[in-house]
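Colleague: mmCIF, C-alpha atoms, saved as target07.cif, coming up:
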data_my_file
loop_
_atom_site.group_PDB
_atom_site.id
_atom_site.type_symbol
_atom_site.label_atom_id
_atom_site.label_comp_id
_atom_site.auth_asym_id
_atom_site.auth_seq_id
_atom_site.Cartn_x
_atom_site.Cartn_y
_atom_site.Cartn_z
ATOM 1 C CA MET O 1 116.179 111.869 130.942
ATOM 2 C CA VAL O 2 117.933 113.732 128.143
ATOM 3 C CA VAL O 3 117.460 117.473 128.430
ATOM 4 C CA SER O 4 115.713 119.393 125.689
ATOM 5 C CA ARG O 5 117.327 121.797 123.274
ATOM 6 C CA ARG O 6 115.187 124.563 124.778
ATOM 7 C CA SER O 7 116.708 123.940 128.216
ATOM 8 C CA PHE O 8 120.135 124.360 126.599
ATOM 9 C CA VAL O 9 119.253 127.863 125.513
ATOM 10 C CA LEU O 10 117.587 128.812 128.784
ATOM 11 C CA SER O 11 120.481 127.598 130.917
ATOM 12 C CA GLY O 12 122.766 130.340 129.622
ATOM 13 C CA LEU O 13 125.789 128.165 130.326
ATOM 14 C CA VAL O 14 125.653 125.819 127.346
ATOM 15 C CA ILE O 15 127.494 127.014 124.265
ATOM 16 C CA ALA O 16 128.107 123.724 122.495
ATOM 17 C CA ALA O 17 126.226 120.473 122.029
ATOM 18 C CA SER O 18 127.311 117.100 120.755
ATOM 19 C CA GLY O 19 125.719 113.952 119.482
ATOM 20 C CA ALA O 20 128.007 110.958 119.769
ATOM 21 C CA PHE O 21 131.175 111.241 121.785
ATOM 22 C CA GLY O 22 133.971 111.997 119.338
ATOM 23 C CA GLY O 23 136.917 112.641 121.626
ATOM 24 C CA THR O 24 138.765 110.372 124.015
ATOM 25 C CA LEU O 25 135.976 107.755 123.943
ATOM 26 C CA SER O 26 135.158 107.948 120.243
ATOM 27 C CA GLY O 27 136.218 104.368 119.593
ATOM 28 C CA TRP O 28 133.209 102.864 121.333
ATOM 29 C CA ALA O 29 130.511 105.471 121.908
ATOM 30 C CA ALA O 30 127.928 105.579 119.140
ATOM 31 C CA GLY O 31 125.252 107.440 121.094
ATOM 32 C CA ARG O 32 124.513 109.604 124.076
ATOM 33 C CA ARG O 33 125.609 107.188 126.767
ATOM 34 C CA PRO O 34 124.837 108.023 130.432
ATOM 35 C CA PHE O 35 127.768 109.045 132.607
ATOM 36 C CA VAL O 36 128.578 108.798 136.320
ATOM 37 C CA LEU O 37 130.920 110.917 138.450
ATOM 38 C CA TRP O 38 132.702 108.958 141.204
ATOM 39 C CA GLY O 39 134.771 110.522 143.972
ATOM 40 C CA SER O 40 134.521 112.947 146.873
ATOM 41 C CA SER O 41 133.492 116.562 147.442
ATOM 42 C CA SER O 42 134.834 118.068 144.214
ATOM 43 C CA ALA O 43 132.985 115.449 142.163
ATOM 44 C CA ALA O 44 129.913 116.046 144.334
ATOM 45 C CA SER O 45 130.042 119.787 143.489
ATOM 46 C CA ALA O 46 129.936 120.346 147.246
ATOM 47 C CA LEU O 47 129.830 124.156 147.111
ATOM 48 C CA HIS O 48 127.873 124.531 143.868
ATOM 49 C CA ARG O 49 125.858 127.379 145.416
ATOM 50 C CA ASP O 50 128.996 129.438 146.140
ATOM 51 C CA ARG O 51 128.983 131.861 143.200
ATOM 52 C CA PRO O 52 129.315 135.506 142.205
ATOM 53 C CA ARG O 53 126.138 137.551 142.349
ATOM 54 C CA GLY O 54 124.123 136.975 139.187
ATOM 55 C CA PHE O 55 125.738 133.635 138.298
ATOM 56 C CA PRO O 56 123.665 130.463 138.733
ATOM 57 C CA ALA O 57 124.452 127.593 141.065
ATOM 58 C CA VAL O 58 126.190 124.874 139.038
ATOM 59 C CA ARG O 59 126.583 121.160 139.632
ATOM 60 C CA ILE O 60 129.130 119.575 137.313
ATOM 61 C CA GLU O 61 126.954 116.587 136.439
ATOM 62 C CA ASP O 62 123.936 118.762 135.588
ATOM 63 C CA LEU O 63 125.809 121.105 133.260
ATOM 64 C CA LEU O 64 127.794 118.281 131.644
ATOM 65 C CA SER O 65 124.526 116.414 131.076
ATOM 66 C CA GLN O 66 123.191 119.423 129.190
ATOM 67 C CA LEU O 67 126.370 119.804 127.176
ATOM 68 C CA LEU O 68 126.450 116.128 126.171
ATOM 69 C CA GLU O 69 122.678 115.785 125.819
ATOM 70 C CA ALA O 70 123.068 112.632 127.907
ATOM 71 C CA PRO O 71 121.815 111.549 131.326
ATOM 72 C CA GLY O 72 124.347 112.073 134.072
ATOM 73 C CA THR O 73 124.569 111.497 137.804
ATOM 74 C CA SER O 74 127.035 111.829 140.654
ATOM 75 C CA ARG O 75 127.801 108.993 143.068
ATOM 76 C CA ALA O 76 130.455 111.110 144.757
ATOM 77 C CA VAL O 77 130.393 111.533 148.541
ATOM 78 C CA SER O 78 132.075 114.397 150.376
ATOM 79 C CA GLY O 79 134.907 113.162 152.566
ATOM 80 C CA ASP O 80 135.368 109.821 150.818
ATOM 81 C CA THR O 81 138.828 108.365 150.319
ATOM 82 C CA SER O 82 139.824 106.343 147.269
ATOM 83 C CA SER O 83 139.109 103.050 149.049
ATOM 84 C CA GLN O 84 135.580 104.188 149.887
ATOM 85 C CA THR O 85 134.996 105.210 146.285
ATOM 86 C CA LEU O 86 136.285 101.826 145.176
ATOM 87 C CA ALA O 87 133.924 99.956 147.513
ATOM 88 C CA MET O 88 130.990 101.851 145.962
ATOM 89 C CA ARG O 89 132.234 101.313 142.405
ATOM 90 C CA SER O 90 133.470 97.710 142.456
ATOM 91 C CA HIS O 91 131.596 94.549 143.396
ATOM 92 C CA GLY O 92 134.990 92.918 143.824
ATOM 93 C CA HIS O 93 136.087 95.227 146.671
ATOM 94 C CA PRO O 94 133.455 94.704 149.376
ATOM 95 C CA TYR O 95 133.111 95.933 152.930
ATOM 96 C CA LEU O 96 133.506 93.181 155.539
ATOM 97 C CA PRO O 97 130.759 93.337 158.189
ATOM 98 C CA ARG O 98 131.354 90.958 161.094
ATOM 99 C CA LEU O 99 127.892 89.502 161.592
ATOM 100 C CA ALA O 100 128.898 87.335 164.551
ATOM 101 C CA SER O 101 131.434 87.665 167.343
ATOM 102 C CA GLY O 102 133.956 85.022 168.234
ATOM 103 C CA ASP O 103 131.859 84.097 171.295
ATOM 104 C CA GLY O 104 128.771 82.836 169.548
ATOM 105 C CA PRO O 105 126.583 82.880 166.453
ATOM 106 C CA GLY O 106 124.973 86.008 165.103
ATOM 107 C CA ARG O 107 121.897 86.633 163.075
ATOM 108 C CA PHE O 108 120.787 88.558 160.063
ATOM 109 C CA PRO O 109 117.253 89.735 160.932
ATOM 110 C CA GLU O 110 114.043 89.155 158.989
ATOM 111 C CA ARG O 111 113.739 92.898 158.380
ATOM 112 C CA GLY O 112 115.087 96.218 159.598
ATOM 113 C CA THR O 113 118.645 97.025 160.620
ATOM 114 C CA VAL O 114 121.595 95.507 162.413
ATOM 115 C CA VAL O 115 124.704 97.340 163.660
ATOM 116 C CA VAL O 116 127.997 95.459 163.458
ATOM 117 C CA ASP O 117 131.730 96.166 163.346
ATOM 118 C CA THR O 118 133.765 95.490 160.224
ATOM 119 C CA ALA O 119 136.612 93.003 160.160
ATOM 120 C CA ASP O 120 139.213 95.508 158.980
ATOM 121 C CA GLY O 121 137.804 98.801 160.249
ATOM 122 C CA ARG O 122 136.860 100.010 156.775
ATOM 123 C CA VAL O 123 133.457 101.704 156.635
ATOM 124 C CA PRO O 124 131.655 104.050 154.250
ATOM 125 C CA THR O 125 131.016 107.654 155.232
ATOM 126 C CA VAL O 126 128.048 108.413 157.416
ATOM 127 C CA HIS O 127 126.334 110.521 154.746
ATOM 128 C CA LEU O 128 124.082 108.067 152.954
ATOM 129 C CA PRO O 129 123.060 104.420 152.652
ATOM 130 C CA ILE O 130 124.589 102.615 149.669
ATOM 131 C CA PRO O 131 122.640 99.845 147.907
ATOM 132 C CA GLY O 132 124.214 96.406 147.797
ATOM 133 C CA THR O 133 123.889 92.839 149.029
ATOM 134 C CA VAL O 134 124.960 90.746 152.021
ATOM 135 C CA LEU O 135 124.679 86.965 151.743
ATOM 136 C CA GLY O 136 122.934 87.626 148.441
ATOM 137 C CA ILE O 137 120.203 89.662 150.162
ATOM 138 C CA PRO O 138 119.545 93.287 149.085
ATOM 139 C CA CYS O 139 120.940 95.377 151.896
ATOM 140 C CA THR O 140 122.129 98.986 152.225
ATOM 141 C CA ILE O 141 125.190 99.942 154.233
ATOM 142 C CA ARG O 142 126.170 103.163 155.980
ATOM 143 C CA ALA O 143 128.451 104.201 158.804
ATOM 144 C CA VAL O 144 127.171 104.618 162.352
ATOM 145 C CA ALA O 145 129.125 107.834 162.878
ATOM 146 C CA ARG O 146 132.279 109.392 161.538
ATOM 147 C CA GLY O 147 135.378 107.801 163.018
ATOM 148 C CA GLU O 148 133.663 104.603 164.165
ATOM 149 C CA SER O 149 134.362 101.150 162.742
ATOM 150 C CA ALA O 150 130.743 99.983 162.843
ATOM 151 C CA VAL O 151 128.185 99.945 160.061
ATOM 152 C CA VAL O 152 124.408 99.885 159.837
ATOM 153 C CA LEU O 153 123.065 97.191 157.515
ATOM 154 C CA ARG O 154 119.425 97.600 156.488
ATOM 155 C CA ARG O 155 117.698 94.610 154.964
ATOM 156 C CA GLU O 156 115.700 95.871 151.999
ATOM 157 C CA VAL O 157 113.727 92.681 151.276
ATOM 158 C CA PRO O 158 112.118 90.902 154.253
ATOM 159 C CA GLY O 159 112.723 87.178 154.567
ATOM 160 C CA PRO O 160 113.663 84.422 156.975
ATOM 161 C CA GLU O 161 116.141 85.250 159.719
ATOM 162 C CA ILE O 162 119.595 83.868 158.949
ATOM 163 C CA THR O 163 121.865 82.420 161.621
ATOM 164 C CA VAL O 164 125.524 83.292 161.110
ATOM 165 C CA ALA O 165 128.331 81.097 162.440
ATOM 166 C CA ALA O 166 130.445 82.438 165.301
ATOM 167 C CA GLY O 167 133.325 84.638 164.177
ATOM 168 C CA SER O 168 132.220 84.712 160.554
ATOM 169 C CA THR O 169 132.785 87.728 158.345
ATOM 170 C CA ALA O 170 130.310 88.458 155.576
ATOM 171 C CA ARG O 171 130.872 90.529 152.474
ATOM 172 C CA TRP O 172 128.775 93.523 151.527
ATOM 173 C CA HIS O 173 128.961 93.984 147.734
ATOM 174 C CA THR O 174 127.893 97.200 146.029
ATOM 175 C CA ALA O 175 124.918 97.145 143.685
ATOM 176 C CA LEU O 176 126.099 100.314 141.934
ATOM 177 C CA GLU O 177 128.463 98.442 139.607
ATOM 178 C CA GLY O 178 125.494 96.664 138.041
ATOM 179 C CA ILE O 179 123.212 99.705 138.112
ATOM 180 C CA HIS O 180 125.717 101.759 136.117
ATOM 181 C CA ARG O 181 127.115 99.041 133.865
ATOM 182 C CA GLY O 182 127.901 100.344 130.374
ATOM 183 C CA HIS O 183 127.913 103.995 131.402
ATOM 184 C CA VAL O 184 130.791 106.445 131.039
ATOM 185 C CA HIS O 185 132.657 106.496 134.364
ATOM 186 C CA LEU O 186 134.471 109.673 135.403
ATOM 187 C CA LEU O 187 136.804 108.723 138.278
ATOM 188 C CA TRP O 188 137.862 111.677 140.445
ATOM 189 C CA THR O 189 138.995 110.083 143.672
ATOM 190 C CA GLY O 190 141.856 110.145 146.161
ATOM 191 C CA LYS O 191 142.296 113.802 147.116
ATOM 192 C CA ASN O 192 141.295 113.089 150.719
ATOM 193 C CA ASN O 193 144.069 110.492 151.076
ATOM 194 C CA ILE O 194 146.496 111.995 148.561
ATOM 195 C CA ALA O 195 149.448 111.369 150.915
ATOM 196 C CA ASP O 196 148.920 107.625 150.407
ATOM 197 C CA HIS O 197 150.264 107.725 146.860
ATOM 198 C CA ASP O 198 150.407 103.975 146.310
ATOM 199 C CA GLY O 199 146.935 103.446 147.772
ATOM 200 C CA VAL O 200 145.342 106.162 145.645
ATOM 201 C CA VAL O 201 146.970 104.884 142.449
ATOM 202 C CA ALA O 202 146.033 101.263 143.236
ATOM 203 C CA ASP O 203 142.425 102.083 144.158
ATOM 204 C CA THR O 204 141.998 104.187 141.024
ATOM 205 C CA ARG O 205 143.452 101.376 138.915
ATOM 206 C CA ALA O 206 140.994 98.905 140.454
ATOM 207 C CA ALA O 207 138.039 101.248 139.859
ATOM 208 C CA TRP O 208 139.200 101.775 136.268
ATOM 209 C CA GLY O 209 139.503 98.021 135.816
ATOM 210 C CA VAL O 210 135.793 97.454 136.384
ATOM 211 C CA GLU O 211 134.993 98.907 132.943
ATOM 212 C CA PRO O 212 138.190 100.229 131.352
ATOM 213 C CA ALA O 213 136.592 100.725 127.946
ATOM 214 C CA THR O 214 134.230 103.349 129.345
ATOM 215 C CA SER O 215 136.290 105.041 132.057
ATOM 216 C CA VAL O 216 138.198 108.311 132.317
ATOM 217 C CA VAL O 217 140.511 109.234 135.216
ATOM 218 C CA MET O 218 140.394 112.849 136.353
ATOM 219 C CA GLY O 219 143.427 114.598 137.788
ATOM 220 C CA HIS O 220 143.315 116.486 141.073
ATOM 221 C CA TRP O 221 143.469 120.248 141.435
ATOM 222 C CA LEU O 222 145.606 122.256 143.832
ATOM 223 C CA THR O 223 143.915 124.144 146.659
ATOM 224 C CA ALA O 224 145.336 127.072 148.612
ATOM 225 C CA ALA O 225 146.803 124.537 151.042
ATOM 226 C CA ASP O 226 148.717 122.881 148.181
ATOM 227 C CA ARG O 227 151.083 125.733 147.285
ATOM 228 C CA PRO O 228 154.665 124.991 146.185
ATOM 229 C CA GLY O 229 156.767 123.528 148.966
ATOM 230 C CA THR O 230 153.851 121.822 150.728
ATOM 231 C CA ALA O 231 153.181 118.096 151.026
ATOM 232 C CA GLY O 232 149.932 118.674 149.141
ATOM 233 C CA TRP O 233 151.765 120.150 146.159
ATOM 234 C CA GLU O 234 154.052 117.135 145.990
ATOM 235 C CA GLY O 235 151.238 114.640 146.531
ATOM 236 C CA VAL O 236 148.902 116.060 143.886
ATOM 237 C CA HIS O 237 151.660 116.364 141.296
ATOM 238 C CA ALA O 238 152.890 112.825 141.983
ATOM 239 C CA VAL O 239 149.447 111.256 141.680
ATOM 240 C CA ASN O 240 148.575 113.285 138.580
ATOM 241 C CA ALA O 241 151.864 112.285 136.940
ATOM 242 C CA ALA O 242 151.151 108.626 137.682
ATOM 243 C CA TYR O 243 147.673 108.989 136.186
ATOM 244 C CA ARG O 244 149.015 110.717 133.079
ATOM 245 C CA ASP O 245 151.592 107.991 132.510
ATOM 246 C CA GLU O 246 149.138 105.150 133.045
ATOM 247 C CA TYR O 247 145.999 106.403 131.295
ATOM 248 C CA GLY O 248 147.332 108.605 128.504
ATOM 249 C CA GLY O 249 144.406 109.962 126.498
ATOM 250 C CA ARG O 250 141.986 108.664 129.121
ATOM 251 C CA TYR O 251 143.487 111.052 131.674
ATOM 252 C CA TYR O 252 141.631 114.330 132.080
ATOM 253 C CA ASP O 253 143.886 117.175 133.251
ATOM 254 C CA THR O 254 141.580 119.111 135.575
ATOM 255 C CA MET O 255 144.251 121.622 136.580
ATOM 256 C CA ALA O 256 145.086 122.499 132.977
ATOM 257 C CA ASP O 257 141.460 123.324 132.221
ATOM 258 C CA LEU O 258 140.974 125.376 135.378
ATOM 259 C CA ARG O 259 143.986 127.445 134.251
ATOM 260 C CA ASP O 260 142.967 127.612 130.546
ATOM 261 C CA PRO O 261 142.264 131.204 129.344
ATOM 262 C CA GLY O 262 140.364 129.735 126.400
ATOM 263 C CA LEU O 263 137.767 128.284 128.766
ATOM 264 C CA TRP O 264 137.732 131.450 130.888
ATOM 265 C CA SER O 265 136.639 133.286 127.733
ATOM 266 C CA LEU O 266 133.560 131.151 127.051
ATOM 267 C CA PRO O 267 130.499 133.393 126.656
ATOM 268 C CA PRO O 268 128.902 132.310 129.976
ATOM 269 C CA LEU O 269 132.142 133.070 131.850
ATOM 270 C CA LYS O 270 133.637 136.016 129.979
ATOM 271 C CA PRO O 271 131.756 138.731 131.957
ATOM 272 C CA TRP O 272 133.405 137.517 135.154
ATOM 273 C CA ARG O 273 136.917 138.318 133.845
ATOM 274 C CA ILE O 274 138.556 135.226 135.286
ATOM 275 C CA GLY O 275 142.311 135.721 135.601
ATOM 276 C CA ALA O 276 142.157 139.520 135.611
ATOM 277 C CA SER O 277 142.128 140.336 139.335
ATOM 278 C CA ALA O 278 145.224 140.728 141.484
ATOM 279 C CA ALA O 279 144.159 137.706 143.544
ATOM 280 C CA ASP O 280 143.722 135.604 140.406
ATOM 281 C CA ARG O 281 147.147 136.614 139.108
ATOM 282 C CA ARG O 282 148.733 135.807 142.466
ATOM 283 C CA TRP O 283 147.161 132.355 142.610
ATOM 284 C CA LEU O 284 148.143 131.637 139.015
ATOM 285 C CA ALA O 285 151.739 132.620 139.796
ATOM 286 C CA TRP O 286 151.697 130.046 142.605
ATOM 287 C CA GLY O 287 150.660 127.369 140.097
ATOM 288 C CA LEU O 288 147.073 127.235 141.408
ATOM 289 C CA PRO O 289 143.728 127.861 139.682
ATOM 290 C CA PRO O 290 142.516 131.481 139.605
ATOM 291 C CA ARG O 291 141.205 132.546 143.014
ATOM 292 C CA SER O 292 137.868 133.562 141.477
ATOM 293 C CA VAL O 293 136.938 129.963 140.568
ATOM 294 C CA VAL O 294 137.513 128.672 144.117
ATOM 295 C CA ALA O 295 134.885 128.774 146.867
ATOM 296 C CA ASP O 296 135.190 130.883 149.998
ATOM 297 C CA ASP O 297 136.410 127.890 152.011
ATOM 298 C CA LEU O 298 139.477 127.749 149.707
ATOM 299 C CA ARG O 299 139.105 123.952 149.472
ATOM 300 C CA HIS O 300 136.401 123.493 146.857
ATOM 301 C CA LEU O 301 135.454 124.908 143.483
ATOM 302 C CA ASN O 302 132.639 127.410 143.246
ATOM 303 C CA ALA O 303 130.049 127.626 140.458
ATOM 304 C CA LEU O 304 132.587 129.248 138.083
ATOM 305 C CA GLY O 305 135.052 126.415 138.715
ATOM 306 C CA ASN O 306 132.381 123.767 138.264
ATOM 307 C CA THR O 307 131.428 125.400 134.968
ATOM 308 C CA LEU O 308 135.039 125.223 133.782
ATOM 309 C CA VAL O 309 135.283 121.535 134.690
ATOM 310 C CA ALA O 310 131.990 120.664 132.975
ATOM 311 C CA HIS O 311 133.016 122.432 129.759
ATOM 312 C CA GLY O 312 136.509 120.966 129.955
ATOM 313 C CA LEU O 313 135.124 117.445 130.331
ATOM 314 C CA HIS O 314 132.780 118.036 127.416
ATOM 315 C CA ARG O 315 135.708 119.083 125.258
ATOM 316 C CA HIS O 316 137.785 116.111 126.416
ATOM 317 C CA LEU O 317 135.042 113.549 125.820
ATOM 318 C CA THR O 318 133.801 114.880 122.494
ATOM 319 C CA GLY O 319 136.895 116.350 120.901
ATOM 320 C CA ALA O 320 134.927 119.544 120.313
ATOM 321 C CA ALA O 321 138.019 121.753 120.483
ATOM 322 C CA ALA O 322 136.882 123.839 117.511
ATOM 323 C CA LEU O 323 133.874 124.993 119.510
ATOM 324 C CA TYR O 324 136.087 126.541 122.177
#
Would you mind writing the structure in this file as structure tokens?
Modeller:
Amino acid sequence: MVVSRRSFVLSGLVIAASGAFGGTLSGWAAGRRPFVLWGSSSAASALHRDRPRGFPAVRIEDLLSQLLEAPGTSRAVSGDTSSQTLAMRSHGHPYLPRLASGDGPGRFPERGTVVVDTADGRVPTVHLPIPGTVLGIPCTIRAVARGESAVVLRREVPGPEITVAAGSTARWHTALEGIHRGHVHLLWTGKNNIADHDGVVADTRAAWGVEPATSVVMGHWLTAADRPGTAGWEGVHAVNAAYRDEYGGRYYDTMADLRDPGLWSLPPLKPWRIGASAADRRWLAWGLPPRSVVADDLRHLNALGNTLVAHGLHRHLTGAAALY
């Protein structure tokens, strides 16, 4: 549901509103199109409640929804790698549950759940069931437990039991591609497997390819563990450079906006004097975001950081630079 103008005022964090997108997606967006965030913990606003005293908890998708006056949601899952994001995003990149062993036939039950291994060891995270289909039957998938190569399939629509030939591998296809067709897709994936440069770039390209006309690729930000001289520093910069080269104006530079004094000075953020403390100046000198926008775990953004990203995305999508 589109939020009301009154909720804009009451939120205290919204200083600009837009009608149609007029920025990077202006060529196709004539109205307030819904958007979806895909990725892992940063896109899930994992530590949105980590905030200075007096500042509200902030989820990126909620604030961006208010700024754009458009419905928004997050399909991001903490801990996901780029291949797990891709399996959620793309019908063409399924999980491979092995419904029968090589010793005999298996079965897909009339109702309820079945636990099976996957043919290649790929599984979703354990956090939540994902809607999709197996053998054309509506069926959610989730992991049994972190680190295991088995999945739980839950049949959502009861029906006749299906016998599966010995050794056969089925395909679980996500339903989320169809559910979110035509939406704006904000792809922020790969930080958890950033060392696999080629895999991250390829998975992001495949996720982009589902609906390239309505997709934006978000760059990764540098945590305290990604200081100059570390593998993380090299990995993040390499992936971001590849994204910038490949997607051009459809690349959103997250790091640039986290380090942008113009965004730090937005009315909702100005009282918190981002960039002024000794810790902030030290982190900025290292090439990182200001310390004050990072959560206490030093691995995620806090509510100030999420606010910066939401406003930065709004500016990027709408071209509303004059309002900042």
Colleague: Tell me which residues the PyMOL selection byres ((chain O and resi 291-307) around 8) grabs here, as a ChimeraX atom specification.
Modeller: /O:13,41-42,45-51,55-60,63,223-225,258,269,274-275,279-280,283,289-290,308-311
Colleague: Could you tell me which of O:Glu246, O:Asp257, O:Asp198, O:Asp120 comes closest to Arg171 of chain O if we count all atoms listed in the file?
Modeller: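 The shortest atom-to-atom distance to Arg171 of chain O comes from O:Asp120.
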Colleague: Do you have the atom CA of Ala202 of chain O-atom CA of Glu61 of chain O distance handy?
Modeller: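 Going from atom CA of Ala202 of chain O over to atom CA of Glu61 of chain O covers 25.4 Å.
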Colleague: Give the padded box for segment 192-210 of chain O as AutoDock Vina command-line options: axis-aligned, covering all atoms listed in the file, 8 Å on each side, centre and edge lengths in Å to one decimal.
Modeller:
--center_x 143.1 --center_y 105.3 --center_z 143.4 --size_x 30.6 --size_y 31.6 --size_z 31.3
Colleague: Suppose a student applies the PyMOL selection byres ((chain O and resi 194) around 9) to this structure; what residues should they get, written as a list in words?
Modeller: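 Output of the PyMOL selection byres ((chain O and resi 194) around 9): Thr81, Ser82, Gly190, Lys191, Asn192, Asn193, Ala195, Asp196, His197, Gly199, Val200, Gly232, Gly235, Val236 and Val239 of chain O.
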Colleague: What does the distance from atom CA of Ala150 of chain O to atom CA of Gly121 of chain O come to in Å, to one decimal?
Modeller: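 Going from atom CA of Ala150 of chain O over to atom CA of Gly121 of chain O covers 7.6 Å.
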Colleague: Would you mind reading off the distance between atom CA of Val152 of chain O and atom CA of Val123 of chain O, one decimal, in Å?
Modeller: 9.8 Å
Colleague: On this structure, which residues satisfy the PyMOL selection byres ((chain O and resi 177) around 9), written as a list of chain:residue names?
Modeller: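 On this input, the PyMOL selection byres ((chain O and resi 177) around 9) captures O:Met88, O:Arg89, O:Ser90, O:His91, O:Thr174, O:Ala175, O:Leu176, O:Gly178, O:Ile179, O:His180, O:Arg181, O:Val210.
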Colleague: Could you check which of O:Gln84, O:Val36, O:Arg111, O:Trp286 is closest to Val217 of chain O, using all atoms listed in the file?
Modeller: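 That would be O:Val36, the residue with the smallest distance to Val217 of chain O.
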Colleague: Enumerate, as JSON, numbers by chain, the protein, DNA and RNA residues whose atoms approach (123.9, 115.3, 131.1) to within 9 Å, taking into account all atoms listed in the file and the coordinate frame of the file.
Modeller: {"O": [1, 2, 3, 34, 35, 61, 62, 63, 64, 65, 66, 67, 68, 69, 70, 71, 72, 73]}
Colleague: So which one's closest to Ala44 of chain O, O:Leu187, O:Val14, O:Thr163, O:Ser215? Using only C-alpha atoms, please.
Modeller: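 So, comparing all the options, the nearest one is O:Leu187.
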Colleague: Find the residues around segment 134-136 of chain O up to 9 Å (all atoms listed in the file counted), leave out those fewer than 5 positions away in its own chain, and share them as a ChimeraX atom specification.
Modeller: /O:97,153,155,170-173
Colleague: Near Val216 of chain O, counting all atoms listed in the file, which residues have an atom at most 7 Å away, once you skip same-chain residues fewer than 4 positions from it, shown as a VMD selection string?
Modeller: chain O and resid 185 to 187 250 to 252
